[in-house]
file coords.tsv (TSV, C-alpha atoms)
chain	number	residue	atom	x	y	z
A	1	MET	CA	-12.95	18.92	23.17
A	2	ALA	CA	-10.79	16.59	25.15
A	3	PHE	CA	-7.79	18.81	25.81
A	4	PHE	CA	-7.17	17.06	29.10
A	5	GLY	CA	-7.28	13.73	27.28
A	6	LEU	CA	-4.75	14.83	24.70
A	7	PHE	CA	-2.93	11.51	24.68
A	8	GLY	CA	-5.89	9.32	25.49
A	9	ASN	CA	-9.29	8.47	24.09
A	10	TYR	CA	-11.60	10.30	26.46
A	11	ASP	CA	-14.08	11.59	23.90
A	12	LYS	CA	-17.67	10.65	24.64
A	13	PRO	CA	-19.91	9.75	21.69
A	14	GLY	CA	-22.45	12.39	20.84
A	15	PRO	CA	-26.05	11.94	19.80
A	16	GLY	CA	-25.03	11.40	16.19
A	17	VAL	CA	-26.39	12.84	12.98
A	18	SER	CA	-29.55	11.70	11.28
A	19	LYS	CA	-28.94	10.14	7.89
A	20	ASP	CA	-31.87	12.16	6.53
A	21	GLU	CA	-30.33	15.45	7.64
A	22	PRO	CA	-29.23	17.55	4.63
A	23	LYS	CA	-25.48	17.82	4.13
A	24	LYS	CA	-24.06	21.11	5.30
A	25	ALA	CA	-22.00	23.40	3.10
A	26	ALA	CA	-18.30	22.51	2.81
A	27	PRO	CA	-16.98	25.59	4.70
A	28	VAL	CA	-19.38	24.87	7.59
A	29	ARG	CA	-18.35	21.22	7.77
A	30	PHE	CA	-14.66	22.20	7.54
A	31	PHE	CA	-14.79	24.37	10.64
A	32	GLU	CA	-17.13	22.03	12.53
A	33	ILE	CA	-14.76	19.09	12.04
A	34	LEU	CA	-11.76	21.33	12.79
A	35	TRP	CA	-13.27	22.38	16.11
A	36	ARG	CA	-14.44	18.88	16.99
A	37	LYS	CA	-11.07	17.28	16.17
A	38	LEU	CA	-8.85	20.10	17.38
A	39	SER	CA	-7.42	18.19	20.34
A	40	LYS	CA	-6.66	15.19	18.11
A	41	LEU	CA	-5.04	17.45	15.51
A	42	ILE	CA	-2.82	18.85	18.25
A	43	GLN	CA	-1.94	15.33	19.31
A	44	LEU	CA	-1.19	14.41	15.69
A	45	ASN	CA	1.01	17.46	15.24
A	46	LEU	CA	3.00	16.64	18.37
A	47	ILE	CA	3.59	13.11	17.09
A	48	TYR	CA	4.73	14.51	13.74
A	49	MET	CA	7.18	16.78	15.56
A	50	ILE	CA	9.20	13.74	16.70
A	51	PRO	CA	10.61	12.91	13.23
A	52	PHE	CA	10.55	16.59	12.25
A	53	ILE	CA	12.95	17.52	15.06
A	54	VAL	CA	15.25	14.71	13.93
A	55	ALA	CA	15.14	16.02	10.34
A	56	VAL	CA	15.89	19.56	11.51
A	57	ALA	CA	18.86	18.27	13.54
A	58	LEU	CA	20.17	16.52	10.42
A	59	MET	CA	19.73	19.72	8.41
A	60	VAL	CA	21.79	21.63	10.98
A	61	GLY	CA	24.45	18.92	10.77
A	62	VAL	CA	24.56	19.18	6.97
A	63	PHE	CA	24.83	22.97	7.19
A	64	LEU	CA	27.77	22.74	9.62
A	65	LEU	CA	29.73	20.31	7.45
A	66	PRO	CA	33.05	21.80	6.29
A	67	LEU	CA	32.00	21.96	2.65
A	68	PRO	CA	32.27	24.92	0.27
A	69	HIS	CA	29.24	27.21	-0.14
A	70	PHE	CA	28.57	28.75	-3.53
A	71	ALA	CA	26.76	32.07	-3.95
A	72	PHE	CA	24.51	32.61	-6.97
A	73	ASN	CA	23.14	36.03	-7.89
A	74	THR	CA	19.47	35.96	-8.84
A	75	VAL	CA	17.12	38.64	-10.04
A	76	LEU	CA	14.29	37.27	-7.91
A	77	LEU	CA	16.02	36.82	-4.54
A	78	GLY	CA	19.39	38.47	-4.91
A	79	PRO	CA	22.47	36.46	-3.84
A	80	VAL	CA	21.56	32.96	-2.65
A	81	ASP	CA	23.67	30.24	-1.06
A	82	LEU	CA	23.23	27.18	-3.29
A	83	TYR	CA	24.53	24.84	-0.58
A	84	ALA	CA	22.02	26.13	1.94
A	85	LEU	CA	19.26	26.17	-0.66
A	86	TYR	CA	19.73	22.65	-2.02
A	87	ALA	CA	22.00	20.54	0.20
A	88	VAL	CA	20.66	21.52	3.61
A	89	PRO	CA	16.99	20.57	2.90
A	90	LEU	CA	18.05	17.06	1.79
A	91	PRO	CA	17.03	15.38	5.12
A	92	LEU	CA	13.45	16.60	4.60
A	93	ILE	CA	13.05	13.71	2.15
A	94	LEU	CA	12.85	11.46	5.22
A	95	MET	CA	9.67	13.27	6.31
A	96	ALA	CA	7.65	11.95	3.36
A	97	PRO	CA	6.51	8.68	5.02
A	98	PHE	CA	5.42	10.57	8.13
A	99	SER	CA	3.44	13.00	5.97
A	100	ALA	CA	1.65	9.96	4.53
A	101	GLY	CA	0.83	8.77	8.06
A	102	MET	CA	-0.58	12.19	8.86
A	103	ALA	CA	-2.58	12.19	5.61
A	104	PHE	CA	-4.19	8.88	6.61
A	105	VAL	CA	-5.43	10.26	9.94
A	106	THR	CA	-6.62	13.61	8.57
A	107	ARG	CA	-8.34	11.84	5.67
A	108	ASN	CA	-10.42	9.93	8.20
A	109	PHE	CA	-11.20	13.17	9.99
A	110	ALA	CA	-12.26	14.80	6.70
A	111	ARG	CA	-14.53	11.82	5.98
A	112	GLU	CA	-15.88	12.13	9.54
A	113	GLU	CA	-14.60	8.67	10.38
A	114	HIS	CA	-12.88	7.58	13.56
A	115	ALA	CA	-9.10	7.29	13.78
A	116	PHE	CA	-6.80	6.18	16.58
A	117	VAL	CA	-4.25	8.95	16.19
A	118	TRP	CA	-1.15	7.23	17.55
A	119	SER	CA	-1.65	3.69	16.22
A	120	ASP	CA	-3.17	4.66	12.86
A	121	PHE	CA	-0.41	7.19	12.22
A	122	TRP	CA	2.43	4.71	12.76
A	123	GLU	CA	0.60	1.90	10.97
A	124	ALA	CA	0.12	4.10	7.89
A	125	VAL	CA	3.79	5.10	8.02
A	126	GLY	CA	4.85	1.45	8.11
A	127	LYS	CA	2.55	0.40	5.26
A	128	ASN	CA	3.30	3.29	2.91
A	129	TRP	CA	6.92	4.27	3.57
A	130	LYS	CA	8.33	2.96	0.27
A	131	PRO	CA	6.13	4.92	-2.21
A	132	SER	CA	6.13	7.90	0.13
A	133	LEU	CA	9.93	7.96	0.35
A	134	LEU	CA	10.19	7.66	-3.43
A	135	ASN	CA	7.76	10.54	-3.75
A	136	GLY	CA	9.98	12.56	-1.41
A	137	VAL	CA	12.99	11.92	-3.66
A	138	ILE	CA	11.01	12.96	-6.74
A	139	VAL	CA	9.83	16.15	-5.04
A	140	TYR	CA	13.39	17.03	-4.00
A	141	VAL	CA	14.79	16.47	-7.51
A	142	ALA	CA	11.95	18.50	-9.06
A	143	TYR	CA	12.53	21.28	-6.54
A	144	VAL	CA	16.26	21.46	-7.34
A	145	PHE	CA	15.94	21.44	-11.13
A	146	LEU	CA	12.86	23.63	-11.47
A	147	SER	CA	13.87	26.26	-8.92
A	148	PHE	CA	17.40	26.59	-10.30
A	149	SER	CA	15.98	26.78	-13.84
A	150	ILE	CA	13.66	29.57	-12.73
A	151	PHE	CA	16.59	31.48	-11.21
A	152	PHE	CA	18.71	30.95	-14.33
A	153	TYR	CA	16.06	31.96	-16.88
A	154	SER	CA	15.01	34.98	-14.84
A	155	ASN	CA	18.61	36.21	-14.99
A	156	GLN	CA	18.74	35.70	-18.75
A	157	MET	CA	15.50	37.53	-19.49
A	158	SER	CA	17.21	40.91	-19.07
A	159	SER	CA	19.43	40.16	-22.09
A	160	ASN	CA	16.94	38.19	-24.21
A	161	TRP	CA	13.18	38.35	-23.66
A	162	LEU	CA	12.70	34.93	-25.31
A	163	TYR	CA	13.89	33.34	-22.07
A	164	ILE	CA	10.51	34.23	-20.63
A	165	ILE	CA	9.13	31.15	-22.41
A	166	PRO	CA	11.24	28.51	-20.58
A	167	PHE	CA	10.89	30.60	-17.41
A	168	ALA	CA	7.09	30.42	-17.66
A	169	ILE	CA	7.18	26.69	-18.45
A	170	CYS	CA	9.34	25.96	-15.39
A	171	ALA	CA	7.15	28.15	-13.18
A	172	ILE	CA	3.99	26.37	-14.35
A	173	LEU	CA	5.58	22.94	-13.82
A	174	LEU	CA	6.67	23.93	-10.33
A	175	LEU	CA	3.15	25.11	-9.53
A	176	LEU	CA	1.59	21.92	-10.92
A	177	MET	CA	4.04	19.87	-8.88
A	178	LEU	CA	2.93	21.75	-5.78
A	179	PHE	CA	-0.74	21.19	-6.62
A	180	ALA	CA	-0.10	17.47	-7.25
A	181	GLN	CA	1.34	17.11	-3.74
A	182	TYR	CA	-2.06	18.02	-2.31
A	183	TYR	CA	-3.30	14.68	-3.69
A	184	ILE	CA	-0.33	12.29	-3.80
A	185	PRO	CA	0.04	11.44	-0.07
A	186	LEU	CA	-3.73	11.03	0.12
A	187	MET	CA	-3.78	8.63	-2.83
A	188	ILE	CA	-0.80	6.68	-1.48
A	189	VAL	CA	-2.67	5.87	1.75
A	190	THR	CA	-6.05	5.35	0.05
A	191	MET	CA	-5.36	3.44	-3.16
A	192	ASP	CA	-3.32	0.42	-4.08
A	193	LEU	CA	-1.86	1.98	-7.23
A	194	LYS	CA	1.64	2.21	-8.63
A	195	LEU	CA	3.32	5.54	-8.03
A	196	ARG	CA	3.37	6.45	-11.73
A	197	HIS	CA	-0.42	6.02	-11.86
A	198	ILE	CA	-0.76	8.09	-8.71
A	199	TYR	CA	1.31	10.85	-10.30
A	200	ARG	CA	-0.75	10.73	-13.48
A	201	ASN	CA	-3.99	11.11	-11.52
A	202	ALA	CA	-2.45	13.80	-9.30
A	203	PHE	CA	-1.47	15.97	-12.26
A	204	ILE	CA	-4.95	15.53	-13.71
A	205	PHE	CA	-6.41	16.70	-10.40
A	206	ALA	CA	-3.88	19.55	-10.32
A	207	ILE	CA	-5.63	20.94	-13.39
A	208	LEU	CA	-9.15	19.62	-12.84
A	209	GLY	CA	-9.32	20.95	-9.30
A	210	LEU	CA	-7.65	24.26	-10.10
A	211	PRO	CA	-9.98	26.52	-8.02
A	212	ARG	CA	-9.58	24.49	-4.83
A	213	ASN	CA	-5.85	24.09	-5.46
A	214	ILE	CA	-5.43	27.84	-5.75
A	215	LEU	CA	-7.49	28.32	-2.58
A	216	ILE	CA	-5.27	25.89	-0.65
A	217	THR	CA	-2.16	27.65	-1.96
A	218	LEU	CA	-3.45	31.10	-1.00
A	219	ILE	CA	-4.16	29.88	2.54
A	220	LEU	CA	-0.66	28.40	2.80
A	221	VAL	CA	0.92	31.58	1.43
A	222	ALA	CA	-1.07	33.65	3.94
A	223	MET	CA	0.24	31.44	6.75
A	224	VAL	CA	3.85	31.86	5.57
A	225	VAL	CA	3.52	35.61	5.08
A	226	GLY	CA	1.87	35.97	8.48
A	227	THR	CA	4.82	34.16	10.05
A	228	LEU	CA	7.47	36.17	8.19
A	229	TYR	CA	5.93	39.52	9.05
A	230	CYS	CA	5.12	38.63	12.63
A	231	PRO	CA	6.50	41.35	14.94
A	232	GLY	CA	9.79	40.44	16.59
A	233	GLY	CA	8.30	40.26	20.06
A	234	PHE	CA	5.78	37.66	18.95
A	235	LEU	CA	8.10	35.14	17.28
A	236	ALA	CA	7.23	32.70	20.05
A	237	ILE	CA	3.62	32.59	18.79
A	238	PRO	CA	4.44	31.15	15.33
A	239	LEU	CA	6.84	28.68	16.98
A	240	ILE	CA	4.16	27.51	19.41
A	241	LEU	CA	1.65	27.17	16.56
A	242	LEU	CA	4.22	25.24	14.53
A	243	ILE	CA	4.71	22.78	17.36
A	244	LEU	CA	1.01	22.42	18.19
A	245	ILE	CA	-1.09	22.64	15.04
A	246	VAL	CA	0.50	23.92	11.80
A	247	PHE	CA	1.48	20.61	10.17
A	248	SER	CA	-1.69	18.75	11.07
A	249	PHE	CA	-3.84	21.73	10.02
A	250	VAL	CA	-2.17	21.83	6.58
A	251	SER	CA	-2.68	18.08	6.21
A	252	TYR	CA	-6.33	18.37	7.27
A	253	LEU	CA	-6.85	21.28	4.86
A	254	CYS	CA	-5.42	19.26	1.95
A	255	SER	CA	-7.36	16.13	2.90
A	256	PHE	CA	-10.64	17.99	3.25
A	257	ALA	CA	-10.20	19.78	-0.09
A	258	ALA	CA	-8.66	16.92	-2.08
A	259	TYR	CA	-10.59	13.84	-0.94
A	260	PRO	CA	-13.87	14.83	-2.66
A	261	MET	CA	-11.97	14.79	-5.97
A	262	LEU	CA	-10.68	11.28	-5.29
A	263	ASP	CA	-14.12	10.13	-4.22
A	264	LYS	CA	-15.86	11.61	-7.26
A	265	TYR	CA	-13.46	10.55	-9.99
A	266	LEU	CA	-11.76	7.41	-8.63
A	267	ILE	CA	-13.71	5.76	-5.82
A	268	GLN	CA	-17.36	6.25	-6.83
A	269	PRO	CA	-16.80	5.05	-10.42
A	270	TYR	CA	-15.61	1.72	-8.99
A	271	TYR	CA	-18.74	1.51	-6.85
A	272	ARG	CA	-20.92	2.20	-9.89
A	273	LYS	CA	-19.04	-0.31	-12.02
A	274	GLU	CA	-19.34	-2.93	-9.30
A	275	ALA	CA	-23.09	-2.27	-9.02
A	276	GLU	CA	-23.47	-2.59	-12.78
A	277	ALA	CA	-21.48	-5.83	-12.76
A	278	ALA	CA	-23.67	-7.19	-9.95
A	279	GLU	CA	-26.79	-6.28	-11.90
A	280	LYS	CA	-25.46	-8.08	-14.97
A	281	LYS	CA	-24.78	-11.16	-12.85
A	282	THR	CA	-28.37	-11.12	-11.56
A	283	VAL	CA	-29.83	-10.82	-15.06
A	284	ALA	CA	-27.59	-13.60	-16.34
A	285	ALA	CA	-28.51	-15.83	-13.41
A	286	GLU	CA	-32.22	-15.37	-14.01
A	287	GLY	CA	-31.79	-16.33	-17.67
A	288	GLU	CA	-29.78	-19.49	-17.06
A	289	ILE	CA	-31.38	-22.93	-16.57
A	290	PHE	CA	-28.40	-24.50	-14.79
A	291	SER	CA	-27.00	-23.38	-11.47
A	292	PHE	CA	-23.49	-22.20	-10.73
A	293	GLU	CA	-21.34	-21.15	-7.80
A	294	ALA	CA	-20.99	-17.45	-7.06
A	295	ASP	CA	-17.23	-17.78	-6.74
A	296	GLU	CA	-17.00	-19.24	-10.25
A	297	LEU	CA	-18.97	-16.32	-11.65
A	298	ASP	CA	-16.68	-13.85	-9.89
A	299	ASP	CA	-13.60	-15.47	-11.36
A	300	GLU	CA	-14.94	-15.61	-14.92
A	301	ASP	CA	-16.81	-12.29	-15.07
A	302	GLU	CA	-14.78	-9.94	-17.26
A	303	ASP	CA	-17.07	-7.02	-16.37
A	304	ALA	CA	-16.18	-7.12	-12.68
A	305	PRO	CA	-14.18	-4.06	-11.55
A	306	LYS	CA	-10.43	-4.52	-11.29
A	307	TYR	CA	-10.32	-2.77	-7.91
A	308	VAL	CA	-12.55	-2.96	-4.86
A	309	TYR	CA	-12.77	-0.55	-1.93
A	310	VAL	CA	-12.06	-2.41	1.33
A	311	ASN	CA	-11.31	-0.91	4.74
A	312	GLY	CA	-10.61	2.58	3.42
A	313	ARG	CA	-8.33	1.44	0.60
A	314	LEU	CA	-8.67	0.53	-3.08
A	315	ILE	CA	-7.02	-2.85	-3.71
A	316	GLU	CA	-6.91	-5.21	-6.69
A	317	ARG	CA	-9.69	-7.81	-6.73
A	318	SER	CA	-7.20	-10.55	-7.65
A	319	ALA	CA	-5.05	-9.71	-4.60
A	320	LEU	CA	-8.14	-9.82	-2.37
A	321	LYS	CA	-9.14	-13.23	-3.73
A	322	GLN	CA	-5.60	-14.51	-3.20
A	323	GLU	CA	-5.66	-13.36	0.43
A	324	GLU	CA	-9.07	-14.99	0.94
A	325	SER	CA	-7.76	-18.24	-0.59
A	326	ILE	CA	-4.71	-18.28	1.68
A	327	PHE	CA	-6.88	-17.56	4.72
A	328	SER	CA	-9.25	-20.35	3.73
A	329	ASP	CA	-6.41	-22.86	3.31
A	330	GLU	CA	-4.90	-21.90	6.66
A	331	THR	CA	-8.30	-22.29	8.31
A	332	LYS	CA	-8.75	-25.77	6.84
A	333	GLU	CA	-5.30	-26.85	8.03
A	334	HIS	CA	-6.08	-25.53	11.51
A	335	LEU	CA	-9.37	-27.45	11.62
A	336	ASN	CA	-7.70	-30.62	10.41

call {"tool": "encode", "arguments": {"input": "coords.tsv", "output": "C-alpha cells"}}
result
Amino acid sequence: MAFFGLFGNYDKPGPGVSKDEPKKAAPVRFFEILWRKLSKLIQLNLIYMIPFIVAVALMVGVFLLPLPHFAFNTVLLGPVDLYALYAVPLPLILMAPFSAGMAFVTRNFAREEHAFVWSDFWEAVGKNWKPSLLNGVIVYVAYVFLSFSIFFYSNQMSSNWLYIIPFAICAILLLLMLFAQYYIPLMIVTMDLKLRHIYRNAFIFAILGLPRNILITLILVAMVVGTLYCPGGFLAIPLILLILIVFSFVSYLCSFAAYPMLDKYLIQPYYRKEAEAAEKKTVAAEGEIFSFEADELDDEDEDAPKYVYVNGRLIERSALKQEESIFSDETKEHLN
C-alpha cells in the first residue's frame, strides 16, 4: 500500500491475474480490494471531507439562526426539536453530487478497474451534479414526510391500534427509500437514464436484492452503534475514522454489493441484445445478393439495442451516432 504516496500515484503494477484463474468468493474479493485500495480510499475520504466540512459549517449556521424551535413529544424518541431535526440537516442536500463522485471512484475499485482518485472524483461531480442534486432534494423531502409520519402514527397507536397500518406503511417506505439509495448514485454515474427510470430500477433492486440490502444496513447500523457507545475517552477514534475512511468505506461497500445487480439485470442484457442483433445482421448479410454499408444497416436495424456501454457508462445509441457525426464533420472541415 502506498501510504507515503497518499496524494500521488506511486503504486507499482503487480504481476496481474490470469484470466483462467477461477473467480474468488465475494467476501474474499471484498477484503482483498479493500486492503489493496486502502490508501486510495483514505485519499478519497479526505477529498470528500472538503465539501463535508463546508456542509457542517452551514448546518451550524442554520442551527444558530434566531428562529423558533418547536418541541414534539414522540413515543419512539421522547421530546425532539423539529427545527434541529429537519431544518438543520438541509445543507446536506449539497453533498449529493459529491457522493456521486465518490460512487464513481469506488465503483471502479469494486470492478477492479483503475481510477485517478482526484481527477475522476471531480469529473464525476461535474458531469452528474444535476441528477444527484435532484436526488438529494427528493431524499430530504422523503426523510421529512416519512419520519414525521412515523412519529405521528406511533403516538396515535396508543389510542387506536389501527394506526399501526399507516405506521407500518411509512416505515416500509422509509426502509425501501434507504435501500434504493444504495443503487441510485451508482446508476447516476454509470447509466445515461432519466432520474425517474433510475428510481424505478432502484426500487426494484431494493426488493430484488433484499438480502444484500439488509446486510449493508446491518453493517451501517453496527458502525453507528459502535460510534454511539464508544467510551468517552475514545471519542477521538471515531472522529479520526470519520475523517480518514468512513465515507469512502460506506461508498465502497455499497458499490461492491450493488454493482453486480446492475451488471446482471441492466448491463449484461444490453450486451446480449447487441450480440443477438449483430448475429442477425450477419445472417441477413449472408442471405442478401446486393451489398450495403454497415452504417446504413445500423441506422435501419430496429433490433439494435437502444443503449450501448461505452467508457463505463450506458448511453443512447442515437446520441453516440450524433457525436460521431459531429466529430466526423469537424474532422473534414479541419482537413479542408

call {"tool": "closest_atom_pairs", "arguments": {"input": "coords.tsv", "of": "range 114-183 of chain A", "to": "range 39-53 of chain A", "cutoff": "9 Å", "atoms": "all atoms listed in the file", "output": "tab-separated table"}}
result
residue	atom	partner	partner_atom	distance
A:Val117	CA	A:Leu44	CA	6.3
A:Trp118	CA	A:Leu44	CA	7.4
A:Phe121	CA	A:Leu44	CA	8.0

call {"tool": "write_last_selection", "arguments": {"input": "coords.tsv", "atoms": "C-alpha atoms", "output": "mmCIF file, keeping the file's coordinate frame"}}
result
data_model
loop_
_atom_site.group_PDB
_atom_site.id
_atom_site.type_symbol
_atom_site.label_atom_id
_atom_site.label_comp_id
_atom_site.auth_asym_id
_atom_site.auth_seq_id
_atom_site.Cartn_x
_atom_site.Cartn_y
_atom_site.Cartn_z
ATOM 1 C CA VAL A 117 -4.250 8.950 16.190
ATOM 2 C CA TRP A 118 -1.150 7.230 17.550
ATOM 3 C CA PHE A 121 -0.410 7.190 12.220
#

call {"tool": "atom_distance", "arguments": {"input": "coords.tsv", "atom1": "CA of Ala168 in chain A", "atom2": "CA of Phe203 in chain A"}}
result
17.6 Å

call {"tool": "atom_distance", "arguments": {"input": "coords.tsv", "atom1": "CA of Cys254 in chain A", "atom2": "CA of Tyr182 in chain A"}}
result
5.6 Å

call {"tool": "atom_distance", "arguments": {"input": "coords.tsv", "atom1": "CA of Pro166 in chain A", "atom2": "CA of Val80 in chain A"}}
result
21.2 Å

call {"tool": "closest_residue", "arguments": {"input": "coords.tsv", "among": "A:Pro79, A:Pro68, A:Pro131, A:Gly136", "to": "Ile93 in chain A", "atoms": "all atoms listed in the file"}}
result
A:Gly136

call {"tool": "closest_residue", "arguments": {"input": "coords.tsv", "among": "A:Val88, A:Ala236, A:Val105, A:Leu82", "to": "Lys37 in chain A", "atoms": "only C-alpha atoms"}}
result
A:Val105

call {"tool": "residues_near_point", "arguments": {"input": "coords.tsv", "point": "(-1.1, 23.4, -6.4)", "cutoff": "8 Å", "atoms": "all atoms listed in the file", "output": "MDAnalysis selection string"}}
result
chainID A and resid 175:182 206 210 213:214 216:217

call {"tool": "closest_residue", "arguments": {"input": "coords.tsv", "among": "A:Leu186, A:Ala110, A:Val224, A:Cys230", "to": "Phe31 in chain A", "atoms": "all atoms listed in the file"}}
result
A:Ala110

call {"tool": "closest_residue", "arguments": {"input": "coords.tsv", "among": "A:Phe148, A:Tyr271, A:Tyr265, A:Phe104", "to": "Gly126 in chain A", "atoms": "all atoms listed in the file"}}
result
A:Phe104

call {"tool": "closest_residue", "arguments": {"input": "coords.tsv", "among": "A:Arg107, A:Arg36, A:Lys273, A:His114", "to": "Ala257 in chain A", "atoms": "all atoms listed in the file"}}
result
A:Arg107

call {"tool": "residues_around", "arguments": {"input": "coords.tsv", "residues": "Pro89 in chain A", "least_positions_apart": "5", "cutoff": "10 Å", "atoms": "all atoms listed in the file", "output": "list in words"}}
result
Ala55, Val56, Leu58, Met59, Val60, Val62, Phe63, Tyr83, Ala84 and Tyr140 of chain A

call {"tool": "closest_residue", "arguments": {"input": "coords.tsv", "among": "A:Leu146, A:Asp192, A:Phe72, A:Ala26", "to": "Pro260 in chain A", "atoms": "all atoms listed in the file"}}
result
A:Ala26

call {"tool": "residues_around", "arguments": {"input": "coords.tsv", "residues": "Lys194 in chain A", "least_positions_apart": "5", "cutoff": "12 Å", "atoms": "all atoms listed in the file", "output": "PDB file with C-alpha atoms, in the coordinates of the input"}}
result
ATOM      1  CA  ASN A 128       3.300   3.290   2.910  1.00  0.00           C
ATOM      2  CA  LYS A 130       8.330   2.960   0.270  1.00  0.00           C
ATOM      3  CA  PRO A 131       6.130   4.920  -2.210  1.00  0.00           C
ATOM      4  CA  SER A 132       6.130   7.900   0.130  1.00  0.00           C
ATOM      5  CA  LEU A 134      10.190   7.660  -3.430  1.00  0.00           C
ATOM      6  CA  ASN A 135       7.760  10.540  -3.750  1.00  0.00           C
ATOM      7  CA  ILE A 184      -0.330  12.290  -3.800  1.00  0.00           C
ATOM      8  CA  MET A 187      -3.780   8.630  -2.830  1.00  0.00           C
ATOM      9  CA  ILE A 188      -0.800   6.680  -1.480  1.00  0.00           C
ATOM     10  CA  VAL A 189      -2.670   5.870   1.750  1.00  0.00           C
ATOM     11  CA  TYR A 199       1.310  10.850 -10.300  1.00  0.00           C
ATOM     12  CA  ARG A 200      -0.750  10.730 -13.480  1.00  0.00           C
ATOM     13  CA  ASN A 201      -3.990  11.110 -11.520  1.00  0.00           C
ATOM     14  CA  LEU A 314      -8.670   0.530  -3.080  1.00  0.00           C
ATOM     15  CA  ILE A 315      -7.020  -2.850  -3.710  1.00  0.00           C
ATOM     16  CA  GLU A 316      -6.910  -5.210  -6.690  1.00  0.00           C
TER      17      GLU A 316
END

call {"tool": "build_atoms", "arguments": {"input": "coords.tsv", "residues": "range 141-147 of chain A", "atoms": "all heavy atoms", "output": "compact mmCIF listing (two decimals), in the coordinates of the input"}}
result
# COMPACT_ATOMS: atom_id res chain seq x y z
N VAL A 141 14.13 16.29 -6.20
CA VAL A 141 14.79 16.47 -7.51
C VAL A 141 14.06 17.53 -8.33
O VAL A 141 14.70 18.38 -8.97
CB VAL A 141 14.83 15.12 -8.26
CG1 VAL A 141 15.34 15.32 -9.69
CG2 VAL A 141 15.73 14.12 -7.53
N ALA A 142 12.73 17.49 -8.32
CA ALA A 142 11.95 18.50 -9.06
C ALA A 142 12.20 19.89 -8.50
O ALA A 142 12.33 20.86 -9.26
CB ALA A 142 10.47 18.16 -9.00
N TYR A 143 12.26 19.99 -7.18
CA TYR A 143 12.53 21.28 -6.54
C TYR A 143 13.88 21.84 -6.97
O TYR A 143 14.00 23.03 -7.32
CB TYR A 143 12.47 21.10 -5.03
CG TYR A 143 13.23 22.14 -4.23
CD1 TYR A 143 12.78 23.46 -4.16
CD2 TYR A 143 14.40 21.81 -3.55
CE1 TYR A 143 13.48 24.42 -3.43
CE2 TYR A 143 15.10 22.75 -2.82
CZ TYR A 143 14.65 24.06 -2.76
OH TYR A 143 15.34 25.00 -2.06
N VAL A 144 14.92 21.01 -6.98
CA VAL A 144 16.26 21.46 -7.34
C VAL A 144 16.30 21.94 -8.79
O VAL A 144 16.74 23.07 -9.08
CB VAL A 144 17.30 20.34 -7.11
CG1 VAL A 144 18.66 20.75 -7.70
CG2 VAL A 144 17.43 20.03 -5.63
N PHE A 145 15.83 21.11 -9.71
CA PHE A 145 15.94 21.44 -11.13
C PHE A 145 15.03 22.60 -11.52
O PHE A 145 15.45 23.50 -12.25
CB PHE A 145 15.62 20.20 -11.98
CG PHE A 145 16.77 19.25 -12.13
CD1 PHE A 145 16.89 18.17 -11.28
CD2 PHE A 145 17.74 19.45 -13.09
CE1 PHE A 145 17.96 17.29 -11.40
CE2 PHE A 145 18.82 18.59 -13.22
CZ PHE A 145 18.93 17.51 -12.37
N LEU A 146 13.79 22.58 -11.06
CA LEU A 146 12.86 23.63 -11.47
C LEU A 146 13.19 24.98 -10.84
O LEU A 146 13.14 26.01 -11.52
CB LEU A 146 11.43 23.21 -11.12
CG LEU A 146 10.87 22.04 -11.92
CD1 LEU A 146 9.48 21.66 -11.43
CD2 LEU A 146 10.82 22.37 -13.42
N SER A 147 13.55 24.98 -9.56
CA SER A 147 13.87 26.26 -8.92
C SER A 147 15.14 26.87 -9.50
O SER A 147 15.20 28.08 -9.76
CB SER A 147 14.01 26.08 -7.40
OG SER A 147 15.07 25.19 -7.10
